[in-house]
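Asks: File name work-v1.txt; file contents compact mmCIF, C-alpha atoms; full text below.
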# COMPACT_ATOMS: atom_id res chain seq x y z
CA ALA J 24 212.00 -6.20 -185.68
CA SER J 25 208.38 -7.23 -186.13
CA GLY J 26 206.35 -9.23 -188.65
CA LEU J 27 205.69 -8.54 -192.34
CA THR J 28 202.07 -8.54 -193.45
CA VAL J 29 201.23 -8.57 -197.20
CA ALA J 30 197.60 -7.91 -197.92
CA SER J 31 197.70 -9.18 -201.51
CA ASP J 32 199.86 -11.47 -203.68
CA ALA J 33 203.64 -11.22 -203.36
CA SER J 34 205.88 -11.90 -206.33
CA LEU J 35 209.58 -12.68 -205.95
CA ASN J 36 211.84 -12.47 -208.99
CA ALA J 37 214.46 -14.63 -207.23
CA GLY J 38 214.50 -17.28 -204.54
CA LEU J 39 213.04 -17.12 -201.06
CA ASN J 40 215.34 -18.17 -198.23
CA VAL J 41 213.73 -18.81 -194.85
CA ALA J 42 216.13 -19.57 -192.02
CA GLY J 43 213.54 -20.70 -189.49
CA ALA J 44 210.49 -22.90 -189.52
CA THR J 45 207.67 -21.90 -191.87
CA ALA J 46 204.01 -22.34 -191.02
CA LEU J 47 201.37 -22.06 -193.74
CA GLU J 48 197.77 -21.64 -192.63
CA SER J 49 196.47 -22.69 -196.07
CA THR J 50 197.55 -24.89 -198.99
CA LEU J 51 200.91 -24.72 -200.76
CA ASN J 52 200.69 -24.89 -204.54
CA VAL J 53 203.91 -25.56 -206.47
CA ALA J 54 203.59 -25.19 -210.24
CA ASP J 55 206.88 -26.93 -211.02
CA GLU J 56 208.94 -29.66 -209.35
CA ALA J 57 209.64 -29.39 -205.64
CA VAL J 58 213.16 -30.38 -204.65
CA LEU J 59 213.83 -31.08 -200.98
CA ALA J 60 217.45 -31.18 -199.87
CA SER J 61 216.47 -33.17 -196.77
CA GLY J 62 213.65 -35.44 -195.70
CA LEU J 63 209.90 -34.84 -195.94
CA THR J 64 207.83 -35.44 -192.84
CA VAL J 65 204.00 -35.51 -193.09
CA ALA J 66 202.19 -35.48 -189.75
CA SER J 67 198.82 -36.57 -191.19
CA ASP J 68 197.56 -38.38 -194.28
CA ALA J 69 199.11 -37.56 -197.66
CA SER J 70 196.91 -37.75 -200.77
CA LEU J 71 198.44 -37.95 -204.25
CA ASN J 72 196.21 -37.27 -207.24
CA SER J 73 198.69 -39.00 -209.51
CA GLY J 74 201.40 -41.66 -209.23
CA LEU J 75 204.28 -41.81 -206.74
CA ASN J 76 207.72 -42.42 -208.23
CA VAL J 77 210.46 -43.42 -205.81
CA VAL J 78 213.98 -43.83 -207.25
CA GLY J 79 215.67 -45.35 -204.21
CA ALA J 80 214.72 -47.99 -201.68
CA THR J 81 211.54 -47.38 -199.66
CA ALA J 82 211.24 -48.28 -195.99
CA LEU J 83 207.82 -48.31 -194.34
CA ALA J 84 207.73 -48.33 -190.55
CA SER J 85 204.15 -49.66 -190.56
CA THR J 86 201.81 -51.59 -192.84
CA LEU J 87 201.15 -50.85 -196.52
CA THR J 88 197.50 -50.99 -197.55
CA VAL J 89 196.66 -51.09 -201.28
CA ALA J 90 192.99 -50.66 -202.17
CA GLY J 91 193.39 -51.74 -205.80
CA GLU J 92 195.73 -54.09 -207.62
CA ALA J 93 199.47 -53.93 -207.00
CA ALA J 94 201.57 -54.45 -210.14
CA LEU J 95 205.27 -55.24 -209.68
CA GLU J 96 207.54 -55.01 -212.72
CA SER J 97 210.19 -57.10 -210.96
CA GLY J 98 210.34 -59.74 -208.24
CA LEU J 99 208.87 -59.54 -204.73
CA THR J 100 211.15 -60.45 -201.84
CA VAL J 101 209.66 -60.97 -198.37
CA ALA J 102 212.19 -61.31 -195.55
CA SER J 103 209.72 -62.78 -193.03
CA ASP J 104 206.42 -64.64 -193.14
CA ALA J 105 203.70 -63.49 -195.56
CA SER J 106 200.06 -63.87 -194.55
CA LEU J 107 197.26 -63.74 -197.14
CA ASN J 108 193.69 -63.30 -195.96
CA ALA J 109 192.40 -64.64 -199.28
CA GLY J 110 193.65 -66.93 -202.06
CA LEU J 111 196.92 -66.67 -203.97
CA ASN J 112 196.63 -66.84 -207.76
CA VAL J 113 199.87 -67.47 -209.68
CA VAL J 114 199.66 -67.39 -213.48
CA GLY J 115 203.12 -68.73 -214.25
CA ALA J 116 205.22 -71.58 -212.89
CA THR J 117 206.09 -71.45 -209.18
CA ALA J 118 209.49 -72.53 -207.84
CA LEU J 119 209.92 -73.15 -204.10
CA GLU J 120 213.49 -73.42 -202.78
CA SER J 121 212.29 -75.08 -199.56
CA THR J 122 209.43 -77.27 -198.36
CA LEU J 123 205.72 -76.49 -198.87
CA ASN J 124 203.54 -77.00 -195.80
CA VAL J 125 199.76 -77.13 -196.33
CA ALA J 126 197.67 -77.14 -193.15
CA GLY J 127 194.42 -78.10 -194.90
CA GLU J 128 193.55 -80.11 -197.98
CA ALA J 129 195.35 -79.44 -201.26
CA ASP J 130 193.08 -79.50 -204.31
CA LEU J 131 194.79 -79.78 -207.69
CA ALA J 132 192.71 -78.98 -210.77
CA SER J 133 195.18 -80.87 -212.95
CA GLY J 134 197.82 -83.59 -212.54
CA LEU J 135 200.65 -83.74 -210.02
CA THR J 136 204.15 -84.41 -211.33
CA VAL J 137 206.95 -85.26 -208.87
CA ALA J 138 210.46 -85.27 -210.33
CA SER J 139 212.01 -87.22 -207.44
CA ASP J 140 210.84 -89.60 -204.72
CA ALA J 141 207.63 -88.77 -202.83
CA SER J 142 207.38 -89.71 -199.14
CA LEU J 143 204.00 -89.90 -197.38
CA ASN J 144 203.92 -90.02 -193.58
CA ALA J 145 200.36 -91.37 -193.70
CA GLY J 146 198.18 -93.31 -196.10
CA LEU J 147 197.46 -92.55 -199.75
CA ASN J 148 193.80 -92.57 -200.77
CA VAL J 149 193.10 -92.65 -204.52
CA VAL J 150 189.45 -92.46 -205.60
CA GLY J 151 189.92 -93.25 -209.29
CA ALA J 152 191.94 -95.82 -211.19
CA THR J 153 195.71 -95.71 -210.76
CA ALA J 154 198.13 -96.37 -213.63
CA LEU J 155 201.81 -97.05 -212.88
CA GLU J 156 204.25 -96.85 -215.80
CA SER J 157 206.89 -98.80 -213.87
CA THR J 158 207.08 -101.42 -211.10
CA LEU J 159 205.36 -101.16 -207.73
CA ASN J 160 207.55 -102.06 -204.75
CA VAL J 161 205.81 -102.67 -201.41
CA GLY J 162 208.08 -102.93 -198.39
CA GLY J 163 205.44 -104.42 -196.11
CA GLU J 164 202.26 -106.39 -196.57
CA ALA J 165 199.75 -105.38 -199.27
CA ASP J 166 196.12 -105.60 -198.16
CA LEU J 167 193.50 -105.51 -200.92
CA ALA J 168 189.90 -104.87 -199.87
CA SER J 169 188.69 -106.28 -203.18
CA GLY J 170 189.98 -108.65 -205.88
CA LEU J 171 193.31 -108.52 -207.70
CA THR J 172 193.24 -108.67 -211.49
CA VAL J 173 196.50 -109.24 -213.41
CA ALA J 174 196.28 -108.72 -217.17
CA SER J 175 199.56 -110.47 -217.94
CA ASP J 176 201.79 -113.12 -216.32
CA ALA J 177 202.52 -112.82 -212.59
CA SER J 178 205.91 -113.92 -211.28
CA LEU J 179 206.46 -114.64 -207.58
CA ASN J 180 210.02 -114.88 -206.28
CA ALA J 181 208.79 -116.67 -203.16
CA GLY J 182 205.82 -118.83 -202.13
CA LEU J 183 202.13 -118.04 -202.58
CA ASN J 184 199.95 -118.50 -199.50
CA VAL J 185 196.18 -118.57 -200.06
CA ALA J 186 194.05 -118.79 -196.91
CA GLY J 187 190.72 -119.45 -198.65
CA ALA J 188 189.56 -121.67 -201.48
CA THR J 189 191.20 -121.09 -204.86
CA ALA J 190 189.29 -121.30 -208.14
CA LEU J 191 191.20 -121.52 -211.43
CA GLU J 192 189.24 -120.88 -214.61
CA SER J 193 191.94 -122.50 -216.76
CA THR J 194 194.62 -125.21 -216.43
CA LEU J 195 197.27 -125.34 -213.70
CA ASN J 196 200.77 -126.12 -214.93
CA VAL J 197 203.37 -127.16 -212.35
CA ALA J 198 206.94 -127.39 -213.68
CA ASP J 199 208.24 -129.24 -210.63
CA GLU J 200 206.74 -131.65 -208.09
CA ALA J 201 203.44 -130.79 -206.45
CA VAL J 202 203.31 -131.55 -202.72
CA LEU J 203 199.87 -131.62 -201.08
CA ALA J 204 199.77 -131.52 -197.28
CA SER J 205 196.23 -132.96 -197.34
CA GLY J 206 194.08 -135.01 -199.70
CA LEU J 207 193.38 -134.41 -203.39
CA THR J 208 189.78 -134.39 -204.52
CA VAL J 209 188.96 -134.47 -208.26
CA ALA J 210 185.33 -133.78 -209.09
CA SER J 211 185.55 -135.06 -212.69
CA ASP J 212 187.79 -137.40 -214.70
CA ALA J 213 191.54 -137.26 -214.16
CA SER J 214 193.85 -138.03 -217.09
CA LEU J 215 197.53 -138.94 -216.54
CA ASN J 216 199.86 -138.80 -219.55
CA SER J 217 202.36 -140.94 -217.68
CA GLY J 218 202.32 -143.53 -214.89
CA LEU J 219 200.79 -143.28 -211.45
CA ASN J 220 203.05 -144.21 -208.56
CA VAL J 221 201.37 -144.79 -205.19
CA VAL J 222 203.68 -145.49 -202.24
CA GLY J 223 201.05 -146.37 -199.64
CA ALA J 224 197.90 -148.48 -199.62
CA THR J 225 195.20 -147.57 -202.16
CA ALA J 226 191.48 -147.78 -201.41
CA LEU J 227 188.93 -147.52 -204.22
CA ALA J 228 185.34 -146.78 -203.20
CA SER J 229 184.07 -148.06 -206.58
CA THR J 230 185.14 -150.37 -209.44
CA LEU J 231 188.55 -150.37 -211.12
CA THR J 232 188.37 -150.64 -214.91
CA VAL J 233 191.55 -151.46 -216.85
CA ALA J 234 191.35 -151.06 -220.62
CA GLY J 235 194.70 -152.65 -221.35
CA GLU J 236 196.81 -155.31 -219.68
CA ALA J 237 197.10 -155.36 -215.91
CA ALA J 238 200.53 -156.53 -214.88
Can you dump the structure from the file as structure tokens?
Replies:
Amino acid sequence: ASGLTVASDASLNAGLNVAGATALESTLNVADEAVLASGLTVASDASLNSGLNVVGATALASTLTVAGEAALESGLTVASDASLNAGLNVVGATALESTLNVAGEADLASGLTVASDASLNAGLNVVGATALESTLNVGGEADLASGLTVASDASLNAGLNVAGATALESTLNVADEAVLASGLTVASDASLNSGLNVVGATALASTLTVAGEAA
């Protein structure tokens, strides 16, 4: 009808069945495995001197803090947003099934390969030389802050409009007629392999020398 007090160690050759709640005023040492038929509730911190092996799914009602490295033998699935207070280092290839939004600058230590079209909502600034292995199509105007050097032939499907003076370091070949809206000034001799047809009046500021017959 009252309590049982044991002054020294108590040894039980069989199991111990306690119907009510059990309160231990000191530590509980279990030499073998401890099997709990129901849940385990810990009111304060729990310290494990060795690893923790969980066979089934684990649900944490609050945050999980890991002081050292966390090694995952399989994938990591995050149902909501993931925030990293420091960098993210990925050793292998990374596949994103949706878009990648970068709020700040993106620094790439190596090249950038894009398998499909790349759309830029703003300008593209390239510090070094740019090599294109295929054609360059420009939907609008192309403004060049410096010169344009073409190593091979340049073909224009429409006209060429040059606002300033044009200097050609070699000959100019015109397959069709050349129409000049203003005068033609030749600083040196002009040689014509065929005739010269002048529709209007001709004024010569100096002498006219004819080596052959003048008809």
Asks: Enter the distance from atom CA of Val149 of chain J to atom CA of Gly187 of chain J, in Å, rounded to one decimal.
Replies: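 A separation of 27.5 Å between them.
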Asks: If I take atom CA of Ala82 of chain J and atom CA of Ala42 of chain J, how far is one from the other in Å, to one decimal?
Replies: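 Spanning atom CA of Ala82 of chain J to atom CA of Ala42 of chain J is a straight-line distance of 29.4 Å.
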Asks: Find the axis-aligned box for segment 76-89 of chain J, covering all its listed atoms and adding 3 Å on each side, and write its centre and edge lengths in Å to one decimal as JSON.
Replies:
{"center_x": 206.2, "center_y": -47.0, "center_z": -199.4, "size_x": 25.0, "size_y": 15.2, "size_z": 23.7}
Asks: One decimal, in Å: what's the spacing between atom CA of Ala54 of chain J and atom CA of Asn76 of chain J?
Replies: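 So the answer is 17.8 Å.
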Asks: Select, counting all atoms listed in the file, all protein, DNA and RNA residues no farther than 10 Å from (198.1, -137.9, -199.6) in file coordinates, and express the selection as a list in words.
Replies: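 Looking at atoms near the point gives Val202, Leu203, Ala204, Ser205, Gly206, Leu207, Val221, Val222 and Gly223 of chain J.
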